$ cat structure-v2.pdb   # PDB, C-alpha atoms
ATOM      1  CA  MET A   1       0.000   0.000   0.000  1.00  0.00           C
ATOM      2  CA  HIS A   2       1.309   3.423  -0.952  1.00  0.00           C
ATOM      3  CA  ILE A   3      -0.043   6.502   0.828  1.00  0.00           C
ATOM      4  CA  GLY A   4       0.367   9.961  -0.644  1.00  0.00           C
ATOM      5  CA  GLY A   5       2.347  11.225  -3.595  1.00  0.00           C
ATOM      6  CA  TRP A   6       5.138   9.270  -5.228  1.00  0.00           C
ATOM      7  CA  THR A   7       8.297   9.252  -3.017  1.00  0.00           C
ATOM      8  CA  ASP A   8       6.467  11.321  -0.354  1.00  0.00           C
ATOM      9  CA  THR A   9       5.935   8.538   2.173  1.00  0.00           C
ATOM     10  CA  PRO A  10       8.966   7.131   4.012  1.00  0.00           C
ATOM     11  CA  ALA A  11       9.212   3.356   4.077  1.00  0.00           C
ATOM     12  CA  LEU A  12      11.379   0.617   5.535  1.00  0.00           C
ATOM     13  CA  ILE A  13      11.446  -2.727   3.729  1.00  0.00           C
ATOM     14  CA  PHE A  14      13.344  -5.687   5.101  1.00  0.00           C
ATOM     15  CA  SER A  15      13.821  -9.347   4.383  1.00  0.00           C
ATOM     16  CA  THR A  16      15.477 -12.073   6.436  1.00  0.00           C
ATOM     17  CA  GLU A  17      17.823 -14.681   5.015  1.00  0.00           C
ATOM     18  CA  LEU A  18      18.250 -17.954   6.932  1.00  0.00           C
ATOM     19  CA  PRO A  19      21.050 -19.899   5.214  1.00  0.00           C
ATOM     20  CA  VAL A  20      21.697 -23.496   6.186  1.00  0.00           C
ATOM     21  CA  ASP A  21      25.447 -23.044   6.614  1.00  0.00           C
ATOM     22  CA  GLY A  22      25.812 -19.465   7.763  1.00  0.00           C
ATOM     23  CA  PRO A  23      24.536 -16.707  10.057  1.00  0.00           C
ATOM     24  CA  MET A  24      21.145 -15.083   9.710  1.00  0.00           C
ATOM     25  CA  THR A  25      21.196 -11.975   7.517  1.00  0.00           C
ATOM     26  CA  VAL A  26      18.685  -9.114   7.514  1.00  0.00           C
ATOM     27  CA  HIS A  27      18.498  -6.950   4.379  1.00  0.00           C
ATOM     28  CA  LEU A  28      17.114  -3.421   4.805  1.00  0.00           C
ATOM     29  CA  LEU A  29      15.989  -0.907   2.210  1.00  0.00           C
ATOM     30  CA  HIS A  30      15.083   2.568   3.435  1.00  0.00           C
ATOM     31  CA  ALA A  31      13.121   5.004   1.261  1.00  0.00           C
ATOM     32  CA  PRO A  32      13.111   8.594   2.592  1.00  0.00           C
ATOM     33  CA  GLY A  33      10.138  10.901   2.284  1.00  0.00           C
ATOM     34  CA  ASN A  34       8.418  13.885   3.865  1.00  0.00           C
ATOM     35  CA  GLY A  35       4.876  12.500   3.826  1.00  0.00           C
ATOM     36  CA  GLY A  36       3.217   9.811   5.864  1.00  0.00           C
ATOM     37  CA  THR A  37       0.492  11.912   7.496  1.00  0.00           C
ATOM     38  CA  LEU A  38      -3.126  11.825   6.342  1.00  0.00           C
ATOM     39  CA  ILE A  39      -3.508  15.607   6.196  1.00  0.00           C
ATOM     40  CA  HIS A  40      -6.497  16.998   4.318  1.00  0.00           C
ATOM     41  CA  PRO A  41      -8.485  20.277   4.299  1.00  0.00           C
ATOM     42  CA  ALA A  42     -10.684  20.756   7.370  1.00  0.00           C
ATOM     43  CA  GLY A  43     -13.752  20.897   5.151  1.00  0.00           C
ATOM     44  CA  GLU A  44     -13.130  17.295   4.095  1.00  0.00           C
ATOM     45  CA  ALA A  45     -13.160  15.922   7.660  1.00  0.00           C
ATOM     46  CA  ARG A  46     -15.723  13.167   8.110  1.00  0.00           C
ATOM     47  CA  ASP A  47     -18.127  12.342  10.913  1.00  0.00           C
ATOM     48  CA  LEU A  48     -16.635   9.118  12.253  1.00  0.00           C
ATOM     49  CA  ASP A  49     -19.961   8.197  13.865  1.00  0.00           C
ATOM     50  CA  LYS A  50     -21.521   7.725  10.421  1.00  0.00           C
ATOM     51  CA  GLU A  51     -21.217   4.450   8.515  1.00  0.00           C
ATOM     52  CA  LEU A  52     -18.396   4.127   6.007  1.00  0.00           C
ATOM     53  CA  ASP A  53     -19.209   4.181   2.314  1.00  0.00           C
ATOM     54  CA  GLN A  54     -17.630   1.514   0.113  1.00  0.00           C
ATOM     55  CA  ASP A  55     -15.382   3.685  -2.017  1.00  0.00           C
ATOM     56  CA  ASN A  56     -13.891   2.126  -5.138  1.00  0.00           C
ATOM     57  CA  ILE A  57     -10.109   2.446  -5.276  1.00  0.00           C
ATOM     58  CA  PHE A  58      -8.771   0.699  -8.358  1.00  0.00           C
ATOM     59  CA  PRO A  59      -5.915  -1.684  -7.458  1.00  0.00           C
ATOM     60  CA  GLY A  60      -2.433  -0.806  -8.620  1.00  0.00           C
ATOM     61  CA  ILE A  61       0.320   1.657  -7.743  1.00  0.00           C
ATOM     62  CA  GLN A  62       1.262   3.745 -10.764  1.00  0.00           C
ATOM     63  CA  PRO A  63       4.875   5.018 -10.841  1.00  0.00           C
ATOM     64  CA  PRO A  64       5.371   8.412 -12.489  1.00  0.00           C
ATOM     65  CA  ALA A  65       6.047   8.664 -16.189  1.00  0.00           C
ATOM     66  CA  VAL A  66       9.638   8.606 -17.412  1.00  0.00           C
ATOM     67  CA  ASP A  67      10.384  10.509 -20.634  1.00  0.00           C
ATOM     68  CA  GLY A  68       6.658  10.711 -21.292  1.00  0.00           C
ATOM     69  CA  GLN A  69       6.164   6.966 -20.948  1.00  0.00           C
ATOM     70  CA  ALA A  70       4.052   5.533 -18.112  1.00  0.00           C
ATOM     71  CA  PRO A  71       5.629   2.353 -16.704  1.00  0.00           C
ATOM     72  CA  ASP A  72       3.550  -0.676 -15.741  1.00  0.00           C
ATOM     73  CA  SER A  73       1.649  -0.361 -12.491  1.00  0.00           C
ATOM     74  CA  VAL A  74       2.923  -2.115  -9.369  1.00  0.00           C
ATOM     75  CA  PRO A  75       0.619  -4.548  -7.475  1.00  0.00           C
ATOM     76  CA  GLY A  76      -0.975  -2.887  -4.441  1.00  0.00           C
ATOM     77  CA  PHE A  77      -3.216   0.046  -3.545  1.00  0.00           C
ATOM     78  CA  HIS A  78      -2.452   3.748  -3.841  1.00  0.00           C
ATOM     79  CA  ILE A  79      -4.213   6.040  -1.348  1.00  0.00           C
ATOM     80  CA  GLU A  80      -3.897   9.497  -2.876  1.00  0.00           C
ATOM     81  CA  ALA A  81      -4.686  12.845  -1.225  1.00  0.00           C
ATOM     82  CA  ASP A  82      -8.298  12.938  -2.421  1.00  0.00           C
ATOM     83  CA  HIS A  83      -8.934   9.698  -0.498  1.00  0.00           C
ATOM     84  CA  PHE A  84      -7.180  10.700   2.751  1.00  0.00           C
ATOM     85  CA  ALA A  85     -10.403  11.630   4.595  1.00  0.00           C
ATOM     86  CA  TRP A  86     -12.083   8.397   3.463  1.00  0.00           C
ATOM     87  CA  PHE A  87      -9.053   6.345   4.523  1.00  0.00           C
ATOM     88  CA  GLN A  88      -9.023   7.949   7.991  1.00  0.00           C
ATOM     89  CA  HIS A  89     -12.717   7.113   8.269  1.00  0.00           C
ATOM     90  CA  ALA A  90     -12.042   3.513   7.205  1.00  0.00           C
ATOM     91  CA  LEU A  91      -9.198   3.073   9.697  1.00  0.00           C
ATOM     92  CA  ALA A  92     -11.250   4.477  12.587  1.00  0.00           C
ATOM     93  CA  ARG A  93     -14.317   2.323  11.868  1.00  0.00           C
ATOM     94  CA  THR A  94     -12.271  -0.823  11.298  1.00  0.00           C
ATOM     95  CA  GLY A  95     -10.381  -0.270  14.556  1.00  0.00           C
ATOM     96  CA  ALA A  96     -13.673   0.077  16.418  1.00  0.00           C
ATOM     97  CA  ALA A  97     -14.929  -3.157  14.849  1.00  0.00           C
ATOM     98  CA  GLY A  98     -11.817  -4.927  16.068  1.00  0.00           C
ATOM     99  CA  LEU A  99     -12.469  -3.774  19.643  1.00  0.00           C
ATOM    100  CA  THR A 100     -16.151  -4.729  19.722  1.00  0.00           C
ATOM    101  CA  ALA A 101     -15.365  -8.123  18.199  1.00  0.00           C
ATOM    102  CA  PHE A 102     -12.578  -8.603  20.756  1.00  0.00           C
ATOM    103  CA  ALA A 103     -15.175  -7.977  23.465  1.00  0.00           C
ATOM    104  CA  GLY A 104     -17.454 -10.587  21.896  1.00  0.00           C
ATOM    105  CA  ASP A 105     -20.251  -8.263  20.787  1.00  0.00           C
ATOM    106  CA  ALA A 106     -21.224  -9.172  17.223  1.00  0.00           C
ATOM    107  CA  ALA A 107     -24.216  -6.817  17.188  1.00  0.00           C
ATOM    108  CA  ALA A 108     -21.999  -3.848  18.047  1.00  0.00           C
ATOM    109  CA  THR A 109     -19.446  -4.926  15.431  1.00  0.00           C
ATOM    110  CA  VAL A 110     -21.842  -5.046  12.458  1.00  0.00           C
ATOM    111  CA  PRO A 111     -22.400  -1.255  12.018  1.00  0.00           C
ATOM    112  CA  TYR A 112     -18.645  -0.583  11.898  1.00  0.00           C
ATOM    113  CA  LEU A 113     -18.018  -2.859   8.902  1.00  0.00           C
ATOM    114  CA  THR A 114     -18.912  -2.652   5.237  1.00  0.00           C
ATOM    115  CA  GLY A 115     -20.058  -5.615   3.189  1.00  0.00           C
ATOM    116  CA  ARG A 116     -16.597  -6.022   1.691  1.00  0.00           C
ATOM    117  CA  GLN A 117     -15.068  -6.115   5.149  1.00  0.00           C
ATOM    118  CA  GLY A 118     -17.141  -9.155   6.101  1.00  0.00           C
ATOM    119  CA  ARG A 119     -20.135  -7.505   7.736  1.00  0.00           C
ATOM    120  CA  LYS A 120     -22.335 -10.541   7.085  1.00  0.00           C
ATOM    121  CA  ARG A 121     -19.967 -12.744   9.062  1.00  0.00           C
ATOM    122  CA  TYR A 122     -21.101 -11.023  12.271  1.00  0.00           C
ATOM    123  CA  GLU A 123     -24.797 -11.029  11.446  1.00  0.00           C
ATOM    124  CA  GLY A 124     -26.738 -13.857  13.074  1.00  0.00           C
ATOM    125  CA  ILE A 125     -23.721 -15.590  14.634  1.00  0.00           C
ATOM    126  CA  SER A 126     -24.863 -18.680  16.489  1.00  0.00           C
ATOM    127  CA  HIS A 127     -21.965 -21.146  16.514  1.00  0.00           C
ATOM    128  CA  ALA A 128     -19.583 -20.868  19.456  1.00  0.00           C
ATOM    129  CA  ALA A 129     -16.587 -21.751  17.281  1.00  0.00           C
ATOM    130  CA  ILE A 130     -16.957 -18.644  15.091  1.00  0.00           C
ATOM    131  CA  GLY A 131     -18.354 -16.098  17.504  1.00  0.00           C
ATOM    132  CA  SER A 132     -18.275 -15.227  21.173  1.00  0.00           C
ATOM    133  CA  VAL A 133     -20.873 -13.396  23.220  1.00  0.00           C
ATOM    134  CA  GLN A 134     -20.300 -10.251  25.259  1.00  0.00           C
ATOM    135  CA  ASP A 135     -21.624 -11.726  28.486  1.00  0.00           C
ATOM    136  CA  ALA A 136     -18.848 -11.380  31.066  1.00  0.00           C
ATOM    137  CA  ASP A 137     -17.575  -8.564  33.240  1.00  0.00           C
ATOM    138  CA  HIS A 138     -14.638  -8.296  35.624  1.00  0.00           C
ATOM    139  CA  GLU A 139     -12.897  -5.615  37.612  1.00  0.00           C
ATOM    140  CA  LEU A 140      -9.197  -5.801  36.760  1.00  0.00           C
ATOM    141  CA  LEU A 141      -6.573  -3.617  38.420  1.00  0.00           C
ATOM    142  CA  GLY A 142      -9.421  -1.500  39.780  1.00  0.00           C
ATOM    143  CA  ILE A 143     -11.096  -0.904  36.390  1.00  0.00           C
ATOM    144  CA  PRO A 144     -14.440  -2.456  35.339  1.00  0.00           C
ATOM    145  CA  PHE A 145     -14.288  -4.275  31.992  1.00  0.00           C
ATOM    146  CA  VAL A 146     -16.956  -5.984  29.902  1.00  0.00           C
ATOM    147  CA  GLY A 147     -16.261  -8.676  27.349  1.00  0.00           C
ATOM    148  CA  THR A 148     -16.260 -12.403  26.862  1.00  0.00           C
ATOM    149  CA  ASP A 149     -14.388 -15.367  28.285  1.00  0.00           C
ATOM    150  CA  HIS A 150     -13.323 -18.810  27.139  1.00  0.00           C
ATOM    151  CA  VAL A 151     -11.940 -21.838  28.933  1.00  0.00           C
ATOM    152  CA  LEU A 152      -9.163 -23.773  27.203  1.00  0.00           C
ATOM    153  CA  ARG A 153      -6.462 -26.270  28.029  1.00  0.00           C
ATOM    154  CA  LEU A 154      -2.734 -25.589  27.916  1.00  0.00           C
ATOM    155  CA  ASN A 155      -0.716 -28.742  28.483  1.00  0.00           C
ATOM    156  CA  ARG A 156      -3.694 -30.355  30.256  1.00  0.00           C
ATOM    157  CA  THR A 157      -4.147 -27.296  32.497  1.00  0.00           C
ATOM    158  CA  ARG A 158      -7.518 -25.525  32.386  1.00  0.00           C
ATOM    159  CA  VAL A 159      -7.073 -21.806  31.698  1.00  0.00           C
ATOM    160  CA  GLU A 160      -9.672 -19.044  31.569  1.00  0.00           C
ATOM    161  CA  ALA A 161      -9.088 -16.219  29.070  1.00  0.00           C
ATOM    162  CA  PHE A 162     -11.057 -12.981  29.363  1.00  0.00           C
ATOM    163  CA  SER A 163     -10.980 -10.376  26.597  1.00  0.00           C
ATOM    164  CA  GLY A 164     -12.806  -7.084  26.866  1.00  0.00           C
ATOM    165  CA  VAL A 165     -12.868  -3.299  26.852  1.00  0.00           C
ATOM    166  CA  ALA A 166     -13.180  -0.787  29.698  1.00  0.00           C
ATOM    167  CA  GLU A 167     -16.900  -0.604  30.480  1.00  0.00           C
ATOM    168  CA  ASP A 168     -17.364   3.143  29.945  1.00  0.00           C
ATOM    169  CA  LEU A 169     -15.389   3.131  26.675  1.00  0.00           C
ATOM    170  CA  PHE A 170     -17.248   0.081  25.410  1.00  0.00           C
ATOM    171  CA  GLU A 171     -20.569   1.839  26.029  1.00  0.00           C
ATOM    172  CA  HIS A 172     -19.503   4.577  23.610  1.00  0.00           C
ATOM    173  CA  LEU A 173     -18.610   1.988  20.968  1.00  0.00           C
ATOM    174  CA  ALA A 174     -21.780  -0.050  21.453  1.00  0.00           C
ATOM    175  CA  LYS A 175     -23.937   3.077  21.032  1.00  0.00           C
ATOM    176  CA  GLY A 176     -22.090   4.236  17.927  1.00  0.00           C
ATOM    177  CA  ARG A 177     -20.292   7.123  19.651  1.00  0.00           C
ATOM    178  CA  LEU A 178     -16.937   6.470  18.001  1.00  0.00           C
ATOM    179  CA  THR A 179     -15.787  10.091  18.209  1.00  0.00           C
ATOM    180  CA  HIS A 180     -16.426  10.187  21.974  1.00  0.00           C
ATOM    181  CA  TYR A 181     -14.613   6.871  22.398  1.00  0.00           C
ATOM    182  CA  ARG A 182     -11.552   8.115  20.515  1.00  0.00           C
ATOM    183  CA  GLU A 183     -11.432  11.368  22.486  1.00  0.00           C
ATOM    184  CA  GLU A 184     -11.627   9.613  25.862  1.00  0.00           C
ATOM    185  CA  ALA A 185      -9.263   6.795  24.908  1.00  0.00           C
ATOM    186  CA  HIS A 186      -6.702   9.335  23.699  1.00  0.00           C
ATOM    187  CA  ALA A 187      -7.010  11.385  26.898  1.00  0.00           C
ATOM    188  CA  ARG A 188      -6.454   8.259  29.035  1.00  0.00           C
ATOM    189  CA  ARG A 189      -3.778   6.572  26.926  1.00  0.00           C
ATOM    190  CA  ALA A 190      -0.990   7.288  29.434  1.00  0.00           C
ATOM    191  CA  SER A 191      -2.993   6.705  32.623  1.00  0.00           C
ATOM    192  CA  TRP A 192      -3.723   2.969  32.413  1.00  0.00           C
ATOM    193  CA  PRO A 193      -2.193   0.778  35.147  1.00  0.00           C
ATOM    194  CA  THR A 194       1.259  -0.562  34.351  1.00  0.00           C
ATOM    195  CA  ALA A 195       0.939  -3.592  36.642  1.00  0.00           C
ATOM    196  CA  THR A 196       0.748  -6.965  34.884  1.00  0.00           C
ATOM    197  CA  TRP A 197      -0.714  -9.072  37.716  1.00  0.00           C
ATOM    198  CA  ASP A 198      -4.032  -8.779  39.539  1.00  0.00           C
ATOM    199  CA  ASP A 199      -4.159 -10.597  42.885  1.00  0.00           C
ATOM    200  CA  ASP A 200      -7.955 -10.662  43.019  1.00  0.00           C
ATOM    201  CA  TRP A 201      -8.141 -12.099  39.495  1.00  0.00           C
ATOM    202  CA  ASP A 202      -5.147 -14.327  40.348  1.00  0.00           C
ATOM    203  CA  GLY A 203      -3.453 -14.077  36.994  1.00  0.00           C
ATOM    204  CA  PRO A 204      -1.656 -11.890  34.450  1.00  0.00           C
ATOM    205  CA  VAL A 205      -3.476  -8.880  32.996  1.00  0.00           C
ATOM    206  CA  SER A 206      -2.512  -6.878  29.920  1.00  0.00           C
ATOM    207  CA  ILE A 207      -4.229  -3.516  29.317  1.00  0.00           C
ATOM    208  CA  HIS A 208      -3.688  -1.794  25.979  1.00  0.00           C
ATOM    209  CA  PRO A 209      -3.773   2.016  25.561  1.00  0.00           C
ATOM    210  CA  ASP A 210      -6.993   1.680  23.529  1.00  0.00           C
ATOM    211  CA  GLY A 211      -8.817   0.394  26.633  1.00  0.00           C
ATOM    212  CA  SER A 212      -8.827  -3.284  25.716  1.00  0.00           C
ATOM    213  CA  VAL A 213      -7.687  -5.994  28.111  1.00  0.00           C
ATOM    214  CA  LEU A 214      -6.615  -9.627  27.996  1.00  0.00           C
ATOM    215  CA  ALA A 215      -6.500 -11.538  31.277  1.00  0.00           C
ATOM    216  CA  LEU A 216      -5.566 -15.168  31.957  1.00  0.00           C
ATOM    217  CA  ARG A 217      -5.804 -17.360  35.013  1.00  0.00           C
ATOM    218  CA  VAL A 218      -5.455 -21.046  35.852  1.00  0.00           C
ATOM    219  CA  LEU A 219      -8.690 -22.722  36.890  1.00  0.00           C
ATOM    220  CA  PRO A 220      -8.807 -25.380  39.601  1.00  0.00           C
ATOM    221  CA  GLU A 221      -9.159 -28.931  38.389  1.00  0.00           C
ATOM    222  CA  ARG A 222     -12.538 -30.542  39.002  1.00  0.00           C
ATOM    223  CA  ASP A 223     -13.612 -34.162  39.218  1.00  0.00           C
ATOM    224  CA  CYS A 224     -15.157 -35.589  36.084  1.00  0.00           C
ATOM    225  CA  ARG A 225     -17.050 -38.713  37.133  1.00  0.00           C
ATOM    226  CA  ARG A 226     -18.243 -39.508  33.624  1.00  0.00           C
ATOM    227  CA  CYS A 227     -14.688 -39.623  32.225  1.00  0.00           C
ATOM    228  CA  GLY A 228     -13.247 -41.391  35.255  1.00  0.00           C
ATOM    229  CA  GLY A 229     -10.751 -38.701  36.197  1.00  0.00           C
ATOM    230  CA  PRO A 230     -10.067 -34.997  36.546  1.00  0.00           C
ATOM    231  CA  ALA A 231     -11.651 -32.716  33.941  1.00  0.00           C
TER     232      ALA A 231
END

$ encode --input "structure-v2.pdb" --output "structure tokens"
Amino acid sequence: MHIGGWTDTPALIFSTELPVDGPMTVHLLHAPGNGGTLIHPAGEARDLDKELDQDNIFPGIQPPAVDGQAPDSVPGFHIEADHFAWFQHALARTGAAGLTAFAGDAAATVPYLTGRQGRKRYEGISHAAIGSVQDADHELLGIPFVGTDHVLRLNRTRVEAFSGVAEDLFEHLAKGRLTHYREEAHARRASWPTATWDDDWDGPVSIHPDGSVLALRVLPERDCRRCGGPA
């Protein structure tokens, strides 16, 4: 993906070589540039709370002409200045969809996606293997979170995994108040707890600056009389 004018956006491309009989080698290619920011006129700013339109951006990155001849296009997508506002809108809505899905709320995820982004996948989810349900809440490191939880086994040990979003921030997302969510999340980005263990939860906790959380804890083994041993 190329954003902005040709040679405007800085880039860092690298590849790793793993030879059988020698040391690992990393190849780096740095392209300088003064762009990289999605700046557009204030009049083009979009209301992030509104649904995203499915804009058509034709695939292909077109290098500039050389001696009046246009070279073949390069595979990829070119986001030019007239699409900057749309692209910001797309990034914001897609990020919100990722958070609501992480919290297990398919109904809240649907409005943030377009048909091409897989909106139908979250409509009418009923199978536990492809969708979770936002039906759990926990207070972690003194902050109330809502989300979903799953129980799995790691090396025969039963582990509970809880994924969610801070309750007040999730309410903004669930009610379509994406702008309010972004403002509050940005204001609180440096104030989240830095601790990685919650004694009351009895397990590790990881809080991201966007207000999402992942918490794990080992569950006690229980007798399983039908299988003749511990569950």

$ residues_around --input "structure-v2.pdb" --residues "region 192-197 of chain A" --least-positions-apart "2" --cutoff "12 Å" --atoms "only C-alpha atoms" --output "PyMOL selection string"
chain A and resi 140-143+166+185-190+199-217

$ write_last_selection --input "structure-v2.pdb" --atoms "C-alpha atoms" --output "PDB file, in the frame of the given file"
ATOM      1  CA  LEU A 140      -9.197  -5.801  36.760  1.00  0.00           C
ATOM      2  CA  LEU A 141      -6.573  -3.617  38.420  1.00  0.00           C
ATOM      3  CA  GLY A 142      -9.421  -1.500  39.780  1.00  0.00           C
ATOM      4  CA  ILE A 143     -11.096  -0.904  36.390  1.00  0.00           C
ATOM      5  CA  ALA A 166     -13.180  -0.787  29.698  1.00  0.00           C
ATOM      6  CA  ALA A 185      -9.263   6.795  24.908  1.00  0.00           C
ATOM      7  CA  HIS A 186      -6.702   9.335  23.699  1.00  0.00           C
ATOM      8  CA  ALA A 187      -7.010  11.385  26.898  1.00  0.00           C
ATOM      9  CA  ARG A 188      -6.454   8.259  29.035  1.00  0.00           C
ATOM     10  CA  ARG A 189      -3.778   6.572  26.926  1.00  0.00           C
ATOM     11  CA  ALA A 190      -0.990   7.288  29.434  1.00  0.00           C
ATOM     12  CA  ASP A 199      -4.159 -10.597  42.885  1.00  0.00           C
ATOM     13  CA  ASP A 200      -7.955 -10.662  43.019  1.00  0.00           C
ATOM     14  CA  TRP A 201      -8.141 -12.099  39.495  1.00  0.00           C
ATOM     15  CA  ASP A 202      -5.147 -14.327  40.348  1.00  0.00           C
ATOM     16  CA  GLY A 203      -3.453 -14.077  36.994  1.00  0.00           C
ATOM     17  CA  PRO A 204      -1.656 -11.890  34.450  1.00  0.00           C
ATOM     18  CA  VAL A 205      -3.476  -8.880  32.996  1.00  0.00           C
ATOM     19  CA  SER A 206      -2.512  -6.878  29.920  1.00  0.00           C
ATOM     20  CA  ILE A 207      -4.229  -3.516  29.317  1.00  0.00           C
ATOM     21  CA  HIS A 208      -3.688  -1.794  25.979  1.00  0.00           C
ATOM     22  CA  PRO A 209      -3.773   2.016  25.561  1.00  0.00           C
ATOM     23  CA  ASP A 210      -6.993   1.680  23.529  1.00  0.00           C
ATOM     24  CA  GLY A 211      -8.817   0.394  26.633  1.00  0.00           C
ATOM     25  CA  SER A 212      -8.827  -3.284  25.716  1.00  0.00           C
ATOM     26  CA  VAL A 213      -7.687  -5.994  28.111  1.00  0.00           C
ATOM     27  CA  LEU A 214      -6.615  -9.627  27.996  1.00  0.00           C
ATOM     28  CA  ALA A 215      -6.500 -11.538  31.277  1.00  0.00           C
ATOM     29  CA  LEU A 216      -5.566 -15.168  31.957  1.00  0.00           C
ATOM     30  CA  ARG A 217      -5.804 -17.360  35.013  1.00  0.00           C
TER      31      ARG A 217
END

$ resolve_selection --input "structure-v2.pdb" --expression "the PyMOL selection byres ((chain A and resi 146) around 7)" --output "VMD selection string"
chain A and resid 103 136 to 138 144 to 145 147 164 to 167

$ resolve_selection --input "structure-v2.pdb" --expression "the PyMOL selection byres ((chain A and resi 93) around 12)" --output "ChimeraX atom specification"
/A:46-53,86-92,94-100,108-114,117,173,176-179,181-182

$ atom_distance --input "structure-v2.pdb" --atom1 "CA of His83 (chain A)" --atom2 "CA of Gln62 (chain A)"
15.6 Å

$ closest_residue --input "structure-v2.pdb" --among "A:Ala65, A:Leu29, A:Gly22, A:Asp198" --to "Glu139 (chain A)" --atoms "all atoms listed in the file"
A:Asp198

$ resolve_selection --input "structure-v2.pdb" --expression "the PyMOL selection byres ((chain A and resi 37-44) around 10)" --output "PyMOL selection string"
chain A and resi 3-4+8-9+34-36+45-47+79-88

$ atom_distance --input "structure-v2.pdb" --atom1 "CA of Pro63 (chain A)" --atom2 "CA of Ile13 (chain A)"
17.8 Å

$ axis_aligned_box --input "structure-v2.pdb" --around "region 180-190 of chain A" --padding-each-side "4 Å" --output "JSON"
{"center_x": -8.7, "center_y": 9.0, "center_z": 25.0, "size_x": 23.4, "size_y": 12.8, "size_z": 16.9}

$ atom_distance --input "structure-v2.pdb" --atom1 "CA of Gln54 (chain A)" --atom2 "CA of His2 (chain A)"
19.1 Å

$ closest_residue --input "structure-v2.pdb" --among "A:Val218, A:Asp67, A:Asp21, A:Ala106" --to "Leu154 (chain A)" --atoms "all atoms listed in the file"
A:Val218

$ closest_residue --input "structure-v2.pdb" --among "A:Pro23, A:Pro220, A:Pro10, A:Pro59" --to "Val159 (chain A)" --atoms "all atoms listed in the file"
A:Pro220
